[in-house]
Structures are given as C-alpha cells and as structure tokens.
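A short worksheet on the structure shown next.
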2 protein chains.
Amino acid sequence: MDENIRYMFHPRSIAIIGASNKLWKVGHAVIANVLYGDCLRRDRTLGYKGKIYPVNPNEDNVFNLKCYPDVLSIPDEVDLAVVAVPAKFVPGVIEQCGQKGVKTTIIISAGFGETGDEGKRVEAEMVATARKYGMRILGPNCLGIYSLYEDLNTTFARAMPMKGPISFISQSGAFCASVIQYSLEEHFGFSNFVSIGNKSDIDDADIIEYFATDEHTKCIGMYIEALKDARKFLKVARELCKKVPMVALKSGRTEIGRSAAKSHTGSIAGNDIAYEAMFRQTGIYRARTMSELFDAARALAYQPPPPPEGGIAILTNSGGPGVVATDAASDLGLPLAKLSDATIAELNRVCPPEWSHRNPVDILGDASPDRYSDAIHVLLEAGEVSGLIVITAPQAMTDPETLAKRIVEAAKGTTKPVIASFVGMISSPAENYVEEQGIPEMSFPEDAVLGMHALVHRSRILRREQIWQ
Amino acid sequence: MDENIRYMFHPRSIAIIGASNKLWKVGHAVIANVLYGDCLRRDRTLGYKGKIYPVNPNEDNVFNLKCYPDVLSIPDEVDLAVVAVPAKFVPGVIEQCGQKGVKTTIIISAGFGETGDEGKRVEAEMVATARKYGMRILGPNCLGIYSLYEDLNTTFARAMPMKGPISFISQSGAFCASVIQYSLEEHFGFSNFVSIGNKSDIDDADIIEYFATDEHTKCIGMYIEALKDARKFLKVARELCKKVPMVALKSGRTEIGRSAAKSHTGSIAGNDIAYEAMFRQTGIYRARTMSELFDAARALAYQPPPPPEGGIAILTNSGGPGVVATDAASDLGLPLAKLSDATIAELNRVCPPEWSHRNPVDILGDASPDRYSDAIHVLLEAGEVSGLIVITAPQAMTDPETLAKRIVEAAKGTTKPVIASFVGMISSPAENYVEEQGIPEMSFPEDAVLGMHALVHRSRILRREQIWQ
C-alpha cells in the first residue's frame with residue numbers, strides 16, 4: 001500500500017487550488033465542503049479538522065482563511081492538494097504541487113483524457129511530472145473523495161453521506177451523487193467514497209489496497225465501466241477479497257452498453273466474458289443492476305456471512321410475499337432450510353395451529369410483535385437455519401413500529417445474518433429504525449433475497465479460501 | 001359481463017354483516033372503512049355515499065346507524081353484502097342473502113377451502129345456495145374490494161389508495177396492503193382493487209370482464225398464485241387484452257415456489273411452462289418480480305404505447321446511469337433509436353459541443369432545466385424516436401424541482417411515451433411532482449427501462465391484433 005494514498009484519506013493539511021468566494025465556481029463548493037462537510041451548512045463540527053489552505057492568485061481571503069497565490073507560497077507542509085481550475089492551468093499546478101512535496105493531488109478539473117488523444121497526452125505528461133516528485137494523482141475528471149471518519153468531503157457535490165461500513169469507488173461522478181442520495185434515504189453509511197475519474201495514475205486496485213487496511217471498511221462497493229489494468233486489479237482483488245467482501249456493478253455488460261460506455265469515459269470496456277471470469281476468480285460478487293449493487297453491499301457491510309451448514313429461513317405474516325421470496329431464492333440457487341421436527345415443535349409452541357408448518361414460515365396475518373419475536377428466536381437457534389429473512393406485510397392489526405423494535409431485539413446477539421423486508425413500505429419510522437439498528441431492510445422480498453444471496457456467496461468464498469490454505 | 005358483478009363495484013346499498021362497535025372486530029374496521037373510506041378517519045366526504053345497513057343481532061346501532069338483526073329485516077333492497085362473521089355462521093348468512101335478493105356477497109371470513117376438504121365442501125355448498133338465488137360470491141378468505149370512484153372501501157385494511165387508472169386483482173390479501181402502501185409512496189392510483197380470496201365463485205376472469213368495461217381502468221394488474229379455471233381465463237383475457245393492457249405477476253414460477261404457494265392458498269399452481277404459454281397467447285405482460293409488476297403497471301396505465309417505427313431514446317445528464325440503462329435495454333431486447341443527422345444537428349444547436357452525439361443522449365453534468373427541455377423537444381419530435389426515458393442524476397448545479405417542472409412541460413402534448421428516473425432519489429418534491437403529473441418516475445434507470453419495455457410489448461400486441469383483423 002502506497003502511503004501517499006493513505007495521506008489522501010488522512011491528510012494533515014489540504015491545499016484547495018482554485019478555492020473561490022464566487023458562489024458558482026466549483027472551487028467554492030469544494031472549499032465549503034472541506035470546511036463544513038456539506039457546502040450548504042456553516043457548522044465546522046461537520047467539516048475537516050486539519051489545516052486548510054485556499055490557493056487562488058485572485059483572492060486574498062476565502063471563507064476568512066488567508067488565500068495563497070500558489071501552493072509553493074504555503075508556509076507549511078501540504079499532504080493533499082485538490083485542484084479545481086480550468087484544464088489549461090492544471091499541468092503548471094501539478095508541477096508546483098510536485099515541487100511542494102504534496103503527497104497526493106486530486107484533479108477535479110475535466111478536459112483531459114476523456115476528450116481525445118491530445119487530452120490523453122497532457123494527462124500522461126502530468127503523471128510523469130508527478131512520478132518525478134513521488135506524488136500520486138487521483139483523476140482528472142472526478143468528483144473528489146469523501147473520507148467520512150475524517151469528516152472530509154473534497155467533492156463539489158451537495159450531500160454528505162452517513163458514516164458507516166461501506167467504502168465505495170465510482171467511475172461515474174454523477175453516479176456518486178445518486179448513490180449518496182439513495183444511501184441517505186435507505187440509512188446506510190460509508191467509510192470512504194471515491195470518484196475515480198480518468199484513472200490517469202491512481203486506479204481501482206490502488207484504492208482497494210487502501211480500503212483493505214481501513215478499520216472501518218466492512219465491504220467494498222464498486223461501479224466500474226472499464227478497468228485500466230485488469231491484470232493488476234485481478235492480482236490485488238484476488239488477495240484482498242479474502243479480507244474484505246467486495247461487490248461490483250460492471251456496466252457495459254452488453255455490446256450496446258459497451259459502446260455507450262466507450263462514448264462516455266473514452267475507455268474500452270472489453271469483452272464481458274473476461275470480466276465475468278475475473279469476478280469469479282477474485283470472489284467479487286457481481287451485481288447486474290444498481291439495485292443489486294446496493295442490496296448486496298448493504299447485506300455484506302452490515303451482516304455476517306452465514307455458517308456453511310443449513311439453509312435460509314423465510315419468516316412472513318403473509319403467504320404471497322413468502323412465495324415471491326421463494327421464487328427469487330430458487331432463481332438464485334439460494335439454499336432454503338428444511339425445518340427439523342424439533343424446530344416445527346418449537347414453532348407449534350409459539351404459533352397458532354394454522355401456521356405453515358414449513359419454510360417459508362408463515363405465522364399468519366394476525367401475527368403480533370410477540371409472535372414474530374418468538375419465531376425469530378426459534379429460527380435463529382435452529383441448527384438447520386443459517387440465515388433469516390423477515391418479511392412483514394402491513395396488516396391492519398399490527399403496529400409496525402413495535403414490530404420493528406421486537407425484530408431488532410430478537411435478532412440481537414445472533415451470529416447468523418438477518419435481513420428484513422417491510423413489503424411495499426419505502427420510508428416509514430419502522431423501516432428507518434430497523435435500518436439504523438444495522439439490519440438491512442428492502443421494500444421488496446426479492447431484494448432481501450438478493451442481499452442474502454450475496455452473504456451466502458461470501459460464505460462460500462471464505463470456505464474456498466480455507467480449503468486452499 | 002354479469003351485472004351482479006357491476007353491482008359489487010357500484011352498489012346502491014350495502015349490508016355489512018358482522019358490523020360492530022367493538023374496535024378489535026374485523027366488522028368494525030369494515031363498516032368504518034365503508035363509512036369513512038379510511039377507518040382511522042371520521043370524515044364522510046371520503047366514504048361511500050350510498051345506503052349502508054349494519055347487520056348484527058347483538059347491536060342496536062353501529063356508528064349511529066340503525067343495526068338490523070339479520071339481512072332479511074332490512075326494509076330496502078340490498079345490492080351488496082359484506083360478511084365478516086365467524087366461519088360457522090357464514091352458510092346461514094349466505095342463505096339469507098340469497099333470499100333477500102342480494103346481488104353479490106363478499107365473504108371476508110376465513111376458514112373454508114384454504115383449510116382442507118371439509119372447508120372446500122362447505123364452500124361448494126354456499127356457492128350452490130348462491131346459484132339457486134342468482135347471487136354471486138367473492139371470497140371467502142379475502143380482504144374485500146375498493147371501488148375508488150365510488151369512494152368505496154369494503155376491506156379491513158387501514159389505508160385508502162389514490163384514485164387512478166390501475167385496476168388490480170390480488171390472490172394474496174396481505175399483498176394488497178403492501179401494494180397500497182407502495183402506491184401511496186410512489187403516487188400512482190387505482191380505479192378498482194380486488195382481493196380475490198379463495199375464488200369459490202367469482203374468479204379472475206369474471207373480474208377482468210368487469211374491469212374491461214370500466215371507463216377509468218387503463219391497465220389491469222394481477223398477482224396470481226394459481227388460476228382456478230385456466231381455460232376460461234385464457235379465453236377472456238385473450239379477448240380483453242386487445243382493449244386493456246394487462247400485467248401479471250404469477251408467483252410459484254419455480255418448483256419450490258410452487259410448493260410454497262400450495263401450502264399458502266391450497267391451490268395447485270400448475271406447470272409454469274403452461275402459464276408462460278398462456279401469457280404469450282393472451283398478450284399479458286409477465287412481471288417476474290414485485291418491482292417489475294409495479295414498473296410495468298405504472299407505465300401501461302399512465303403512458304401510451306410507442307408508435308411502431310423507431311426506437312427508444314435515453315436522455316441523461318450522466319454517462320454512468322446512461323450506460324446502465326443501455327445494458328438493461330439490451331437485456332430486454334428494447335430497440336434503441338439511432339439518431340438521424342437532422343436530430344444530431346438539432347441537438348448540436350441546443351447542447352454544448354461535448355454532448356455524446358449518440359443515443360444515450362448525454363447532455364452533460366451541467367445540464368440546466370432549459371437544456372433538458374430543449375433536448376426533450378428535439379427527441380420527441382424526431383421520427384426515429386418512438387419513446388423517451390429521461391434520466392437525471394442529482395448534480396450540485398441543478399435544482400431538481402425546476403428540472404421536474406421543465407420535464408413535465410416539455411413532455412406535454414406528445415403522443416409518445418415518456419418515463420423518468422431521478423436516479424437514487426426515493427421521495428423528493430421533484431419526483432413527486434413528476435409522478436403526480438402522470439409521468440412514471442423510478443429511482444433506478446433499469447426500472448424505467450422495464451416500464452418502457454412493457455409499453456413496447458403493448459405496442460406489439462396491438463399491431464398483432466391489427467394484422468389479425
């Protein structure tokens with residue numbers, strides 16, 4: 001792991017080159033985000049606590065901080081530089097950053113490799129300059145990074161995600177904003193978030209090497225359009241996937257999609273069969289849609305992989321969603337638990353006689369929070385059950401908030417994975433509570449099944465590693 | 001079409017058998033829902049406006065309405081009876097409803113065919129009784145129905161959906177509550193909503209026959225576990241699908257799912273290949289997940305099918321989601337428009353030179369509401385474009401609410417379908433506005449593509465019909 005990259009996530013000091021008092025400038029949003037976490041707030045408790053140096057020859061002060069005409073004039077070491085100036089000025093800035101001894105420079109500015117051959121040439125020159133000084137470059141043409149446990153937001157995006165266990169890499173800047181928006185509504189959080197841009201220097205492999213050393217990161221999520229150095233990525237990911245679960249959405253899966261991706265980032269996506277093989281070899285869980293990416297990442301980040309024995313139990317107060325979940329499990333080849341006689345006897349004790357007497361465990365439309373709680377205890381203690389999906393359809397007679405509390409209580413202390421689905425509910429206090437307590441909750445049973453599938457996949461990867469050792 | 005079934009949706013008078021002042025009784029929730037639309041409200045403007053007769057030998061008045069000891073004592077005609085009394089009393093009640101000349105009786109009570117052979121026998125006897133009097137039965141073991149344009153809610157569920165163009169049939173009662181919950185959060189509405197229960201008499205085919213005559217119904221959605229009389233359904237659906245688009249989620253697709261369904265409703269789901277063939281023959285769009293069911297139903301209900309010529313255009317301010325949408329379109333075989341030189345020239349006029357110059361039409365991260373509006377006009381007027389998916393990823397520089405307004409304005413007056421995706425946003429004023437204005441909006445681009453696919457499928461069905469005529 002390159003220590004320069006660690007400094008990108010944990011800088012002691014930051015220079016913001018292009019910092020501006022002018023509201024419509026990208027450099028204005030960047031420095032406001034560094035200072036306040038979210039550029040629309042004015043509260044330093046949310047922002048980065050290290051030293052901040054605005055750089056702009058046309059300003060004396062930015063946000064009441066002394067502004068320097070160039071990075072070389074800063075009377076202090078600079079670990080990280082964030083560059084948001086027009087493309088034509090960037091090569092000169094990079095030379096100065098190199099001279100200054102900056103450890104990593106994030107180039108937000110666009111107008112390089114993504115525009116064609118001349119842009120690629122300039123990009124390569126900047127990387128050569130950086131190499132000369134032992135500096136690393138992220139970007140150009142990126143949104144920046146978030147290092148959540150440093151309260152650091154170097155992007156020009158509006159929102160600040162929650163702190164949490166997911167570290168994310170996105171090759172699309174706009175995708176980042178969508179992911180953060182979605183995470184805020186679904187209550188999952190990030191340790192780190194990287195918009196990787198053109199990957200002129202730092203690439204996906206470099207970033208996951210750092211993520212794998214980060215104590216907060218429990219799952220790495222990736223949106224990939226094309227890898228720059230697939231061999232390097234394969235080698236690094238195969239090794240690190242033993243330590244940290246990874247999930248990737250590789251777009252350009254299809255031929256037309258690939259040709260669209262080429263037009264977007266100028267990168268050649270390559271044959272999908274090669275990518276498929278790489279995902280298999282590394283143990284990265286492959287998401288096929290945005291929704292799968294988040295379902296899998298949330299499951300892997302917040303829940304443990306199931307033990308190898310047994311299968312998944314589906315608990316429900318409603319037959320329909322139970323059947324739908326069973327179909328989805330069957331589609332994915334997810335093993336379902338066959339209930340033992342002992343488990344059936346235990347459930348007989350806590351359920352009315354009409355319960356389904358099989359998996360999916362349908363404890364009926366009038367299931368109270370107590371009945372749910374009892375059934376969860378029975379199922380999580382059953383040897384044949386390796387993980388649990390708890391489905392609740394809204395029923396006139398059940399208070400969802402009490403139910404949510406009892407589900408969380410009943411699942412506490414288990415080492416088996418639990419995923420919930422409050423069917424059809426998108427944002428209610430009940431769901432929010434369950435999510436905030438670390439149980440991923442999905443509006444549709446199929447999504448909960450996908451999340452559980454990612455955990456079963458993880459469990460298989462870990463066993464494969466054990467066998468090989 | 002059986003006129004008795006029309007009376008179920010448009011009764012002049014309703015008897016609620018089992019109506020009660022006791023809060024915890026199902027019959028209490030039912031009469032409160034009939035009176036107030038939503039049982040938690042106390043406002044008659046939302047409730048059913050016809051005559052309401054509570055029936056219960058143990059009550060003198062229910063909600064200040066005179067309560068009758070039995071249905072025969074009501075001094076008026078009764079079009080619809082809703083029965084919520086213990087199973088053992090139901091056969092006697094059915095005999096009395098028959099004698100009274102009730103047109104249709106909804107049996108909410110459970111404890112019949114779903115419990116085994118004895119229950120099936122009682123059910124058959126009740127149907128024989130009803131036949132004798134020319135009465136129809138919905139249920140037993142159902143949640144009831146909503147007839148939204150009559151402000152009529154005969155269920156014991158808590159929520160009242162919005163009025164709108166979808167008519168829905170569900171074989172799972174709990175599924176109904178989930179669907180309604182989801183519809184309220186995603187702003188789509190219903191004309192009618194039927195929890196069909198055990199289908200002892202009235203079955204799916206009977207209901208869709210009525211829906212096809214209903215002026216408000218623009219799309220029929222179905223959740224099916226098993227059809228009772230597949231031949232009858234095939235005949236009716238094949239004919240009516242020419243008039244009204246239909247979409248169905250048939251659960252028990254897989255063998256394990258089928259066995260779970262059997263345990264749930266006691267119905268034998270039958271071979272999925274036969275169902276697949278039936279969906280193809282009738283022209284019903286088959287959803288494979290809950291999310292697909294709603295995406296397709298919303299698209300079919302709110303948007304027109306595309307003209308046969310040309311393909312779909314994807315407009316985006318962000319390459320990544322554009323590529324993801326392209327992959328999804330390719331997976332489904334959705335034809336994408338190849339932009340003509342004239343269209344490219346028009347887009348050159350309204351976009352900066354860096355726009356993608358191809359479909360997906362990426363008008364860049366700084367796309368203003370005006371640029372979106374201009375590009376939408378160009379694309380909807382282009383002959384090679386048969387329908388439009390508008391993707392917007394949140395960007396620091398764009399105000400989503402203004403954007404939403406401009407999208408709606410720009411799409412006004414077109415005869416081509418438009419579907420939107422505010423990527424990653426689940427419930428924001430911008431999305432809500434777009435949805436309320438009749439443009440389906442999905443959080444993920446793949447879902448918008450699925451909705452458009454249902455519309456292209458519809459267009460093909462209609463052409464097939466034309467060829468045959």
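Residue numbers start at 1 in each chain; chains themselves are named A, B, ... in the order of the structure tokens; ligands are numbered from 1 in the order shown.
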
When DSSP works through the backbone of this structure, what residues of stretch 6-159 of chain B end up as alpha helix (DSSP H), shown as JSON, numbers by chain? {"B": [6, 7, 8, 9, 26, 27, 28, 29, 30, 31, 32, 33, 34, 35, 36, 90, 91, 92, 93, 94, 95, 96, 97, 98, 99, 100, 117, 118, 119, 120, 121, 122, 123, 124, 125, 126, 127, 128, 129, 130, 131, 132, 133]}

Extract, using only C-alpha atoms, all DNA, RNA and protein residues at most 6 Å from stretch 48-52 of chain A, discarding same-chain residues fewer than 5 positions from it, and format them as a PyMOL selection string. chain A and resi 12-14+34-35+151-152

Quick one: contact table of chain B to chain A, 6 Å max, nearest atom pair and distance in Å to one decimal per residue, counting only C-alpha atoms, chain and number order, as CSV?
```
residue,atom,partner,partner_atom,distance
B:Ala157,CA,A:Ala396,CA,5.1
B:Arg158,CA,A:Ala396,CA,5.3
B:Ser172,CA,A:Gly320,CA,5.3
B:Ala174,CA,A:Ser318,CA,5.6
B:Ala177,CA,A:Pro394,CA,5.8
B:Ser178,CA,A:Gly424,CA,4.5
B:Val179,CA,A:Gly424,CA,6.0
B:Gln181,CA,A:Gly424,CA,5.7
B:Tyr182,CA,A:Gly424,CA,4.5
B:Ser251,CA,A:Val324,CA,5.7
B:Thr254,CA,A:Asp327,CA,5.5
B:Gly257,CA,A:Asp327,CA,4.7
B:Ala260,CA,A:Val323,CA,5.7
B:Ala261,CA,A:Val323,CA,5.7
B:His264,CA,A:Gly319,CA,5.4
B:Ser318,CA,A:Ala174,CA,5.5
B:Gly319,CA,A:His264,CA,5.4
B:Gly320,CA,A:Ser172,CA,5.3
B:Val323,CA,A:Gly257,CA,5.4
B:Val324,CA,A:Ser251,CA,5.7
B:Thr326,CA,A:Gly257,CA,5.0
B:Asp327,CA,A:Gly257,CA,4.7
B:Ala393,CA,A:Ala174,CA,5.9
B:Pro394,CA,A:Ala177,CA,5.8
B:Ala396,CA,A:Ala157,CA,5.1
B:Val423,CA,A:Ser178,CA,5.5
B:Gly424,CA,A:Ser178,CA,4.5
B:Met425,CA,A:Tyr182,CA,5.8
```

Generate the output file for the selected residues, N, CA, C and O atoms, as a tab-separated table (two decimals), in the first residue's frame.
```tsv
chain	number	residue	atom	x	y	z
B	157	ALA	N	-58.52	-3.20	5.73
B	157	ALA	CA	-57.16	-2.63	5.70
B	157	ALA	C	-57.20	-1.18	6.12
B	157	ALA	O	-58.24	-0.53	6.07
B	158	ARG	N	-56.05	-0.68	6.52
B	158	ARG	CA	-56.02	0.65	7.10
B	158	ARG	C	-56.00	1.78	6.07
B	158	ARG	O	-56.52	2.84	6.30
B	172	SER	N	-53.46	-12.62	-2.90
B	172	SER	CA	-52.96	-12.59	-1.53
B	172	SER	C	-53.49	-11.33	-0.87
B	172	SER	O	-53.34	-10.23	-1.39
B	174	ALA	N	-52.61	-9.98	2.05
B	174	ALA	CA	-51.55	-9.14	2.61
B	174	ALA	C	-50.83	-8.38	1.52
B	174	ALA	O	-50.37	-7.27	1.72
B	177	ALA	N	-52.28	-4.93	0.92
B	177	ALA	CA	-51.86	-3.86	1.82
B	177	ALA	C	-50.49	-3.34	1.39
B	177	ALA	O	-50.25	-2.12	1.41
B	178	SER	N	-49.62	-4.23	0.96
B	178	SER	CA	-48.29	-3.80	0.51
B	178	SER	C	-48.38	-2.95	-0.74
B	178	SER	O	-47.70	-1.94	-0.88
B	179	VAL	N	-49.23	-3.38	-1.66
B	179	VAL	CA	-49.38	-2.65	-2.93
B	179	VAL	C	-49.90	-1.24	-2.66
B	179	VAL	O	-49.41	-0.25	-3.23
B	181	GLN	N	-49.74	0.52	0.13
B	181	GLN	CA	-48.69	1.28	0.80
B	181	GLN	C	-47.69	1.83	-0.22
B	181	GLN	O	-47.35	3.02	-0.23
B	182	TYR	N	-47.26	0.96	-1.12
B	182	TYR	CA	-46.27	1.34	-2.13
B	182	TYR	C	-46.84	2.41	-3.07
B	182	TYR	O	-46.17	3.38	-3.41
B	251	SER	N	-46.77	-15.92	-9.18
B	251	SER	CA	-45.75	-16.49	-8.30
B	251	SER	C	-45.88	-18.00	-8.32
B	251	SER	O	-46.80	-18.56	-8.90
B	254	THR	N	-41.17	-21.11	-9.80
B	254	THR	CA	-40.19	-22.18	-9.61
B	254	THR	C	-40.83	-23.33	-8.84
B	254	THR	O	-41.88	-23.16	-8.21
B	257	GLY	N	-41.09	-22.56	-5.20
B	257	GLY	CA	-42.09	-21.51	-5.06
B	257	GLY	C	-43.50	-22.09	-5.18
B	257	GLY	O	-44.40	-21.73	-4.43
B	260	ALA	N	-44.49	-23.83	-2.08
B	260	ALA	CA	-44.84	-22.85	-1.04
B	260	ALA	C	-46.22	-22.27	-1.30
B	260	ALA	O	-47.00	-22.06	-0.37
B	261	ALA	N	-46.54	-22.03	-2.56
B	261	ALA	CA	-47.85	-21.47	-2.91
B	261	ALA	C	-48.96	-22.45	-2.56
B	261	ALA	O	-50.02	-22.07	-2.07
B	264	HIS	N	-49.73	-22.19	0.86
B	264	HIS	CA	-50.37	-20.92	1.22
B	264	HIS	C	-51.86	-20.91	0.92
B	264	HIS	O	-52.69	-20.74	1.79
B	318	SER	N	-25.76	12.23	-17.21
B	318	SER	CA	-24.73	11.46	-16.53
B	318	SER	C	-24.48	10.17	-17.29
B	318	SER	O	-25.40	9.38	-17.50
B	319	GLY	N	-23.24	9.98	-17.70
B	319	GLY	CA	-22.91	8.82	-18.53
B	319	GLY	C	-23.20	7.49	-17.86
B	319	GLY	O	-23.79	6.60	-18.47
B	320	GLY	N	-22.79	7.35	-16.60
B	320	GLY	CA	-22.92	6.06	-15.91
B	320	GLY	C	-24.33	5.50	-15.95
B	320	GLY	O	-24.56	4.42	-16.48
B	323	VAL	N	-25.30	4.33	-19.36
B	323	VAL	CA	-24.76	3.03	-19.75
B	323	VAL	C	-25.56	1.90	-19.07
B	323	VAL	O	-25.91	0.90	-19.70
B	324	VAL	N	-25.85	2.09	-17.80
B	324	VAL	CA	-26.63	1.10	-17.05
B	324	VAL	C	-28.00	0.89	-17.72
B	324	VAL	O	-28.45	-0.25	-17.89
B	326	THR	N	-28.68	1.42	-20.85
B	326	THR	CA	-28.44	0.78	-22.14
B	326	THR	C	-28.27	-0.73	-21.97
B	326	THR	O	-28.81	-1.53	-22.75
B	327	ASP	N	-27.52	-1.13	-20.95
B	327	ASP	CA	-27.39	-2.57	-20.65
B	327	ASP	C	-28.76	-3.20	-20.40
B	327	ASP	O	-29.06	-4.28	-20.92
B	393	ALA	N	-29.39	12.52	-12.88
B	393	ALA	CA	-28.66	12.24	-11.65
B	393	ALA	C	-28.52	13.57	-10.92
B	393	ALA	O	-28.32	14.60	-11.56
B	394	PRO	N	-28.68	13.56	-9.60
B	394	PRO	CA	-28.58	14.83	-8.88
B	394	PRO	C	-27.20	15.46	-9.09
B	394	PRO	O	-26.19	14.79	-9.00
B	396	ALA	N	-24.81	19.06	-8.27
B	396	ALA	CA	-24.76	20.22	-7.38
B	396	ALA	C	-25.34	21.46	-8.04
B	396	ALA	O	-25.92	22.31	-7.38
B	423	VAL	N	-32.28	9.47	-10.54
B	423	VAL	CA	-31.51	8.32	-10.05
B	423	VAL	C	-31.17	8.44	-8.56
B	423	VAL	O	-30.59	9.44	-8.13
B	424	GLY	N	-31.53	7.41	-7.81
B	424	GLY	CA	-31.18	7.34	-6.39
B	424	GLY	C	-32.13	8.10	-5.49
B	424	GLY	O	-32.03	8.01	-4.27
B	425	MET	N	-33.03	8.89	-6.07
B	425	MET	CA	-33.96	9.65	-5.24
B	425	MET	C	-35.23	8.82	-5.02
B	425	MET	O	-35.78	8.27	-5.96
```

If we count only C-alpha atoms, what is near stretch 242-246 of chain B at a cut-off of 8 Å, once residues fewer than 3 positions away on the same chain are taken out, given as a list in words? Ala212, Thr217, Lys218, Cys219, Ile220, Gly221, Met222, Arg238, Glu239, Gly283, Ile284, Tyr285, Ala297, Leu300, Arg458, Ile461, Leu462 and Glu465 of chain B

Among the residues of stretch 174-224 of chain B, find those DSSP assigns to strand (DSSP E or B) from the backbone and print them as an MDAnalysis selection string. chainID B and resid 189:195 219:224

Selection export as a PDB file, in the first residue's frame, atoms kept: C-alpha atoms:
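What follows is the written file again.pdb:
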```pdb
ATOM      1  CA  GLY B 189     -53.644   5.388  -8.212  1.00  0.00           C
ATOM      2  CA  PHE B 190     -56.324   2.802  -8.699  1.00  0.00           C
ATOM      3  CA  SER B 191     -59.806   2.574 -10.167  1.00  0.00           C
ATOM      4  CA  ASN B 192     -60.580  -0.734  -8.500  1.00  0.00           C
ATOM      5  CA  PHE B 193     -58.779  -3.106  -6.217  1.00  0.00           C
ATOM      6  CA  VAL B 194     -59.924  -6.676  -5.557  1.00  0.00           C
ATOM      7  CA  SER B 195     -58.628  -9.160  -3.027  1.00  0.00           C
ATOM      8  CA  CYS B 219     -54.386  -1.042 -17.102  1.00  0.00           C
ATOM      9  CA  ILE B 220     -55.172  -4.260 -15.251  1.00  0.00           C
ATOM     10  CA  GLY B 221     -52.575  -5.566 -12.795  1.00  0.00           C
ATOM     11  CA  MET B 222     -52.727  -9.039 -11.284  1.00  0.00           C
ATOM     12  CA  TYR B 223     -50.979 -11.001  -8.594  1.00  0.00           C
ATOM     13  CA  ILE B 224     -51.780 -14.652  -9.295  1.00  0.00           C
TER      14      ILE B 224
END
```
